[in-house]
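> This is coords_29.tsv (TSV, C-alpha atoms).
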chain	number	residue	atom	x	y	z
A	633	ALA	CA	-64.17	71.46	-5.95
A	634	GLU	CA	-61.77	69.32	-7.99
A	635	THR	CA	-64.16	68.12	-10.72
A	636	ALA	CA	-67.87	68.95	-11.14
A	637	ASP	CA	-70.89	68.84	-13.42
A	638	LEU	CA	-74.24	70.61	-13.22
A	639	ALA	CA	-77.49	68.69	-13.70
A	640	ALA	CA	-80.04	69.74	-16.33
A	641	ASP	CA	-82.33	71.15	-13.60
A	642	GLY	CA	-79.81	73.97	-13.16
A	643	HIS	CA	-79.52	73.68	-9.39
A	644	THR	CA	-78.08	70.22	-8.57
A	645	LEU	CA	-74.29	70.22	-8.63
A	646	TYR	CA	-72.23	67.01	-8.48
A	647	PHE	CA	-68.63	67.55	-7.40
A	648	THR	CA	-65.54	66.19	-5.64
A	649	ILE	CA	-63.84	68.17	-2.89
A	650	LYS	CA	-60.53	66.26	-2.80
A	651	PRO	CA	-57.94	65.80	-5.58
A	652	ASP	CA	-58.68	62.86	-7.85
A	653	PHE	CA	-56.25	59.98	-8.22
A	654	GLN	CA	-55.23	60.24	-11.88
A	655	GLU	CA	-51.57	59.93	-10.96
A	656	GLU	CA	-49.29	56.99	-10.21
A	657	ALA	CA	-48.70	57.68	-6.51
A	658	TRP	CA	-52.31	57.30	-5.31
A	659	LYS	CA	-53.55	54.19	-7.08
A	660	ARG	CA	-55.58	51.73	-5.00
A	661	TYR	CA	-55.58	54.10	-2.02
A	662	ASP	CA	-58.59	53.91	0.31
A	663	GLY	CA	-57.54	56.11	3.20
A	664	GLY	CA	-58.71	59.49	4.44
A	665	ARG	CA	-57.81	61.38	1.26
A	666	THR	CA	-59.97	59.19	-0.97
A	667	PRO	CA	-62.20	61.46	-3.11
A	668	ASN	CA	-65.95	60.86	-3.20
A	669	ILE	CA	-68.67	62.58	-5.19
A	670	TRP	CA	-71.04	64.96	-3.41
A	671	ARG	CA	-74.22	66.63	-4.64
A	672	MET	CA	-75.35	70.09	-3.64
A	673	ASP	CA	-78.66	71.91	-4.04
A	674	LEU	CA	-77.51	75.37	-5.11
A	675	ARG	CA	-80.78	76.87	-3.86
A	676	THR	CA	-80.17	75.80	-0.26
A	677	LEU	CA	-76.39	75.11	-0.43
A	678	LYS	CA	-76.99	71.81	1.35
A	679	ALA	CA	-74.68	68.98	0.27
A	680	SER	CA	-74.56	65.22	0.82
A	681	ARG	CA	-72.46	62.35	-0.49
A	682	MET	CA	-73.85	60.87	-3.69
A	683	ALA	CA	-73.21	57.19	-2.99
A	684	PRO	CA	-70.75	56.59	-0.11
A	685	ALA	CA	-67.98	54.17	-1.05
A	686	ALA	CA	-64.60	53.05	0.30
A	687	TRP	CA	-62.88	53.44	-3.08
A	688	SER	CA	-62.26	56.63	-5.03
A	689	GLN	CA	-64.94	58.43	-7.04
A	690	SER	CA	-64.17	61.33	-9.37
A	691	ASP	CA	-65.05	63.10	-12.63
A	692	PRO	CA	-68.87	63.23	-12.39
A	693	MET	CA	-70.55	63.49	-15.83
A	694	LEU	CA	-74.31	63.91	-16.25
A	695	ASP	CA	-76.49	62.25	-18.89
A	696	GLY	CA	-80.09	63.06	-17.95
A	697	ASP	CA	-80.58	61.80	-14.40
A	698	THR	CA	-77.65	59.36	-14.65
A	699	VAL	CA	-74.28	60.29	-13.18
A	700	TYR	CA	-71.27	58.64	-14.82
A	701	PHE	CA	-67.99	58.77	-12.92
A	702	LEU	CA	-64.58	57.15	-12.42
A	703	SER	CA	-64.12	54.73	-9.54
A	704	GLU	CA	-61.72	52.00	-8.37
A	705	ALA	CA	-64.59	50.05	-6.79
A	706	GLY	CA	-64.33	47.10	-9.22
A	707	THR	CA	-62.86	43.72	-8.30
A	708	LYS	CA	-59.41	44.62	-9.69
A	709	HIS	CA	-59.60	48.17	-8.30
A	710	ARG	CA	-58.70	49.76	-11.63
A	711	ASP	CA	-60.26	53.09	-12.54
A	712	ASN	CA	-63.37	52.27	-14.58
A	713	ILE	CA	-66.53	54.16	-15.50
A	714	PHE	CA	-69.53	53.61	-13.23
A	715	ALA	CA	-73.11	54.84	-13.48
A	716	TRP	CA	-75.52	55.90	-10.73
A	717	LYS	CA	-79.10	57.14	-10.54
A	718	PRO	CA	-80.79	58.67	-7.47
A	719	GLY	CA	-82.19	55.89	-5.30
A	720	SER	CA	-79.97	53.18	-6.82
A	721	THR	CA	-76.54	51.70	-6.23
A	722	PRO	CA	-73.60	52.36	-8.62
A	723	ARG	CA	-73.12	49.87	-11.46
A	724	GLN	CA	-69.88	49.26	-13.32
A	725	VAL	CA	-70.02	50.13	-17.02
A	726	THR	CA	-66.48	49.44	-18.27
A	727	HIS	CA	-64.37	46.51	-17.13
A	728	PHE	CA	-60.68	47.18	-17.72
A	729	THR	CA	-58.59	44.95	-15.43
A	730	ASN	CA	-54.97	45.77	-16.34
A	731	LEU	CA	-55.11	49.52	-17.06
A	732	ASP	CA	-56.79	52.57	-15.56
A	733	ILE	CA	-59.14	54.87	-17.45
A	734	ARG	CA	-57.89	58.47	-17.54
A	735	PHE	CA	-59.38	61.84	-18.52
A	736	PRO	CA	-63.01	60.90	-19.29
A	737	SER	CA	-65.13	63.52	-21.04
A	738	MET	CA	-68.84	63.55	-21.87
A	739	SER	CA	-69.69	64.44	-25.47
A	740	ILE	CA	-71.75	67.53	-26.28
A	741	GLY	CA	-75.37	66.48	-26.02
A	742	ALA	CA	-74.28	63.40	-24.03
A	743	GLY	CA	-74.63	59.95	-25.57
A	744	ALA	CA	-70.92	59.07	-25.40
A	745	ILE	CA	-67.87	59.40	-23.18
A	746	SER	CA	-64.35	59.60	-24.55
A	747	PHE	CA	-61.39	58.56	-22.41
A	748	ASN	CA	-57.75	57.51	-22.45
A	749	VAL	CA	-56.63	54.02	-21.48
A	750	GLY	CA	-53.12	52.72	-22.03
A	751	GLY	CA	-52.35	55.63	-24.34
A	752	ARG	CA	-55.33	54.81	-26.59
A	753	LEU	CA	-58.38	56.98	-27.22
A	754	GLU	CA	-61.63	55.08	-26.61
A	755	ILE	CA	-65.31	55.98	-26.94
A	756	LEU	CA	-68.03	54.55	-24.68
A	757	ASP	CA	-71.49	54.47	-26.30
A	758	LEU	CA	-73.87	55.09	-23.40
A	759	LYS	CA	-76.85	53.50	-25.12
A	760	SER	CA	-75.23	50.19	-26.02
A	761	GLY	CA	-72.50	50.15	-23.38
A	762	GLU	CA	-69.96	49.21	-26.03
A	763	VAL	CA	-66.43	50.64	-26.17
A	764	HIS	CA	-64.82	51.51	-29.51
A	765	SER	CA	-61.21	52.45	-30.22
A	766	VAL	CA	-60.49	55.63	-32.16
A	767	LYS	CA	-57.72	55.32	-34.73
A	768	LEU	CA	-55.60	58.45	-34.88
A	769	ASP	CA	-53.40	59.31	-37.83
A	770	ILE	CA	-51.39	62.40	-36.95
A	771	ARG	CA	-49.00	63.37	-39.70
A	772	GLY	CA	-46.01	65.53	-38.95
A	773	GLU	CA	-44.66	68.24	-41.22
A	774	ASN	CA	-41.89	65.88	-42.31
A	775	SER	CA	-43.15	62.48	-43.43
A	776	ARG	CA	-39.70	60.96	-42.92
A	777	SER	CA	-37.62	61.72	-39.86
A	778	ALA	CA	-33.90	61.06	-39.97
A	779	SER	CA	-32.32	59.10	-37.12
A	780	LYS	CA	-29.40	60.59	-35.27
A	781	SER	CA	-26.81	59.64	-32.69
A	782	GLU	CA	-26.84	61.44	-29.38
A	783	ALA	CA	-24.37	61.39	-26.48
A	784	VAL	CA	-26.14	60.38	-23.26
A	785	GLY	CA	-23.19	60.05	-20.90
A	786	SER	CA	-24.37	62.98	-18.80
A	787	GLU	CA	-27.77	61.28	-18.26
A	788	VAL	CA	-26.54	58.01	-16.73
A	789	GLU	CA	-28.39	56.91	-13.59
A	790	ASN	CA	-29.77	53.83	-11.83
A	791	PHE	CA	-26.65	51.67	-12.23
A	792	THR	CA	-26.79	47.91	-11.43
A	793	LEU	CA	-23.98	45.32	-11.42
A	794	SER	CA	-24.45	41.74	-12.66
A	795	PRO	CA	-24.16	38.98	-9.99
A	796	GLY	CA	-20.71	37.89	-11.19
A	797	GLY	CA	-19.49	41.44	-11.75
A	798	ALA	CA	-18.72	40.78	-15.43
A	799	ALA	CA	-21.15	43.39	-16.71
A	800	ASP	CA	-23.31	46.26	-15.59
A	801	VAL	CA	-26.50	47.90	-16.80
A	802	PHE	CA	-27.41	51.54	-16.49
A	803	GLU	CA	-30.25	53.82	-17.49
A	804	ALA	CA	-29.74	56.82	-19.77
A	805	HIS	CA	-32.11	58.89	-21.90
A	806	GLY	CA	-34.96	56.41	-21.32
A	807	ASP	CA	-33.02	53.36	-22.56
A	808	LEU	CA	-31.06	50.62	-20.77
A	809	PHE	CA	-27.42	49.98	-21.71
A	810	LEU	CA	-25.29	46.89	-21.01
A	811	ARG	CA	-21.53	47.45	-20.55
A	812	ASP	CA	-19.15	44.50	-20.79
A	813	GLY	CA	-16.73	44.84	-17.89
A	814	ARG	CA	-13.89	43.13	-19.77
A	815	THR	CA	-14.06	44.85	-23.15
A	816	GLY	CA	-15.87	48.06	-22.21
A	817	VAL	CA	-18.27	47.61	-25.13
A	818	VAL	CA	-21.66	49.22	-24.50
A	819	GLU	CA	-24.88	47.84	-26.03
A	820	ASN	CA	-28.30	49.50	-26.06
A	821	LEU	CA	-30.60	46.73	-24.79
A	822	THR	CA	-33.97	48.41	-25.30
A	823	ARG	CA	-33.85	50.91	-28.21
A	824	THR	CA	-37.28	52.30	-27.39
A	825	PRO	CA	-37.41	56.03	-28.24
A	826	ALA	CA	-41.18	56.09	-27.69
A	827	SER	CA	-41.06	54.84	-24.09
A	828	ALA	CA	-38.96	55.13	-20.95
A	829	GLU	CA	-37.18	52.16	-19.38
A	830	ARG	CA	-36.00	52.68	-15.82
A	831	ILE	CA	-34.53	51.12	-12.66
A	832	PRO	CA	-32.80	47.97	-14.02
A	833	THR	CA	-32.08	45.02	-11.71
A	834	PHE	CA	-30.45	41.65	-12.48
A	835	SER	CA	-32.00	38.34	-11.43
A	836	ALA	CA	-29.96	36.26	-8.98
A	837	ASP	CA	-28.61	34.06	-11.81
A	838	GLY	CA	-27.81	37.03	-14.04
A	839	LYS	CA	-29.88	35.67	-16.94
A	840	THR	CA	-32.82	38.05	-16.63
A	841	LEU	CA	-33.00	41.82	-16.36
A	842	PHE	CA	-35.97	43.34	-14.56
A	843	PHE	CA	-36.95	46.99	-15.11
A	844	MET	CA	-39.84	49.43	-15.18
A	845	SER	CA	-41.26	50.60	-18.52
A	846	ASP	CA	-44.16	52.79	-19.66
A	847	ARG	CA	-44.38	51.17	-23.13
A	848	THR	CA	-47.89	49.85	-22.32
A	849	GLY	CA	-49.20	53.31	-21.43
A	850	GLU	CA	-48.33	53.29	-17.75
A	851	TYR	CA	-45.34	52.03	-15.77
A	852	ALA	CA	-45.22	48.24	-15.44
A	853	LEU	CA	-42.60	45.69	-14.36
A	854	MET	CA	-40.87	44.01	-17.31
A	855	ALA	CA	-38.48	41.05	-17.59
A	856	MET	CA	-35.90	40.69	-20.39
A	857	ASP	CA	-34.21	37.39	-21.23
A	858	LEU	CA	-30.63	38.57	-21.79
A	859	ALA	CA	-29.80	35.59	-24.01
A	860	THR	CA	-32.62	36.23	-26.51
A	861	GLY	CA	-33.53	39.84	-25.87
A	862	LYS	CA	-37.21	38.90	-25.52
A	863	THR	CA	-39.18	41.02	-23.07
A	864	ARG	CA	-42.41	40.26	-21.26
A	865	GLU	CA	-44.60	42.14	-18.79
A	866	ILE	CA	-44.83	40.80	-15.25
A	867	ASP	CA	-48.52	40.67	-14.33
A	868	PRO	CA	-49.33	42.62	-11.15
Please, can you express the file's structure as structure tokens?

Amino acid sequence: AETADLAADGHTLYFTIKPDFQEEAWKRYDGGRTPNIWRMDLRTLKASRMAPAAWSQSDPMLDGDTVYFLSEAGTKHRDNIFAWKPGSTPRQVTHFTNLDIRFPSMSIGAGAISFNVGGRLEILDLKSGEVHSVKLDIRGENSRSASKSEAVGSEVENFTLSPGGAADVFEAHGDLFLRDGRTGVVENLTRTPASAERIPTFSADGKTLFFMSDRTGEYALMAMDLATGKTREIDP
């Protein structure tokens, strides 16, 4: 089993037998490796699928006779929390449309589920169905960290040339750098130590730079106006 939870009766086990999809490569996949939740009677060792579905199901979590789990079955096919009771059909509990829920965990004594979405910690109140953000304040040993310069020449990769050949952009150490082909001056375009910017590509007119970034919590396509430096996310 990949993920599992035991019901309060002590003999009904809910589990998945295939790896879940909490990784970038398997999002929105509905082929033969799609995980579904099964339930087994440990007294007879007989198992059957909980609620057959085309989209992934994983991370079963029990609250009484209700099974909460992750699934991509929603309209946007993002991982959200669903609920199911024996004899019913699954119902969607959370409704995130741009980000996937990751690492859900039932609280001790049930009543709430914590999870990660977009790098944030959220709490789902099972009684009200409301989601609340948890503010974290993690203080390091040093309250003030000094900045420093670091050579990244050995980390250069994913090079792209501007349409006219007057400049090029390359990736290094999670940032994107613009090099003027005439002067050789190099400028850090992104300056984002807390995120990784990758795979830069110029637009056909050379005015916009497209790249991938995980600044929102997961990799997304971004567009930077090279004249103003303003960056926006390209909606999927």
> Can you list every residue of segment 668-784 of chain A that has an atom at most 12 Å from segment 804-818 of chain A, with its nearest atom pair and the distance in Å to one decimal, using only C-alpha atoms, ordered by chain then number, as CSV?

residue,atom,partner,partner_atom,distance
A:Glu782,CA,A:His805,CA,9.5
A:Ala783,CA,A:His805,CA,9.3
A:Val784,CA,A:Ala804,CA,6.1
> Tell me, in Å to one decimal, how far atom CA of Gly796 of chain A is from atom CA of Thr833 of chain A.
13.4 Å
> Just how far from atom CA of Leu841 of chain A is atom CA of Phe791 of chain A, in Å to one decimal?
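Distance between the two atoms: 12.4 Å.
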> Fewer than 3 positions away in the same chain doesn't count, so skip those; otherwise give me all residues within 10 Å of Ala742 of chain A, counting only C-alpha atoms, as a list in words.
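Neighbouring residues, sequence-local ones excluded: Met693, Leu694, Asp695, Gly696, Ser737, Met738, Ser739, Ile745, Asp757 and Leu758 of chain A.
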> Residues within 6 Å of Met682 of chain A, please, as a list in words. Count all atoms listed in the file; anything in the same chain fewer than 4 positions from it doesn't count.
Ile669, Trp670 and Arg671 of chain A
> Please identify all polymer residues within 10 Å of segment 848-860 of chain A, counting all atoms listed in the file, omitting same-chain residues fewer than 6 positions from it, and present them as a PyMOL selection string.
chain A and resi 656+731-732+748-752+810+821-822+827-835+838-842+866-868
> Atom CA of Asp800 of chain A and atom CA of Thr824 of chain A, how far apart in Å?
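Distance between the two atoms: 19.3 Å.
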> Once 3 Å is added on each side, what centre and edge lengths in Å to one decimal does the axis-aligned box around all listed atoms of segment 751-759 of chain A have, as lines of an AutoDock Vina configuration file?

center_x = -64.6
center_y = 55.2
center_z = -25.3
size_x = 30.5
size_y = 9.5
size_z = 9.8
> Which neighbours of segment 703-720 of chain A fall inside 7 Å, counting all atoms listed in the file, when residues of the same chain fewer than 2 positions from it are skipped, and could you give them as a list of chain:residue names?
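Final neighbour list, sorted by chain and number: A:Arg660, A:Trp687, A:Ser688, A:Gln689, A:Ser690, A:Asp697, A:Thr698, A:Val699, A:Tyr700, A:Phe701, A:Pro722, A:Arg723, A:Gln724, A:Val725, A:Thr726, A:His727, A:Phe728, A:Thr729, A:Leu731, A:Asp732, A:Ile733.
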> Residues near Thr635 of chain A, anyone? I mean within 6 Å using all atoms listed in the file, not counting same-chain ones fewer than 6 positions away, as a PDB file with C-alpha atoms, in the coordinates of the input.

ATOM      1  CA  PHE A 647     -68.630  67.550  -7.400  1.00  0.00           C
ATOM      2  CA  THR A 648     -65.540  66.190  -5.640  1.00  0.00           C
ATOM      3  CA  ASP A 691     -65.050  63.100 -12.630  1.00  0.00           C
TER       4      ASP A 691
END
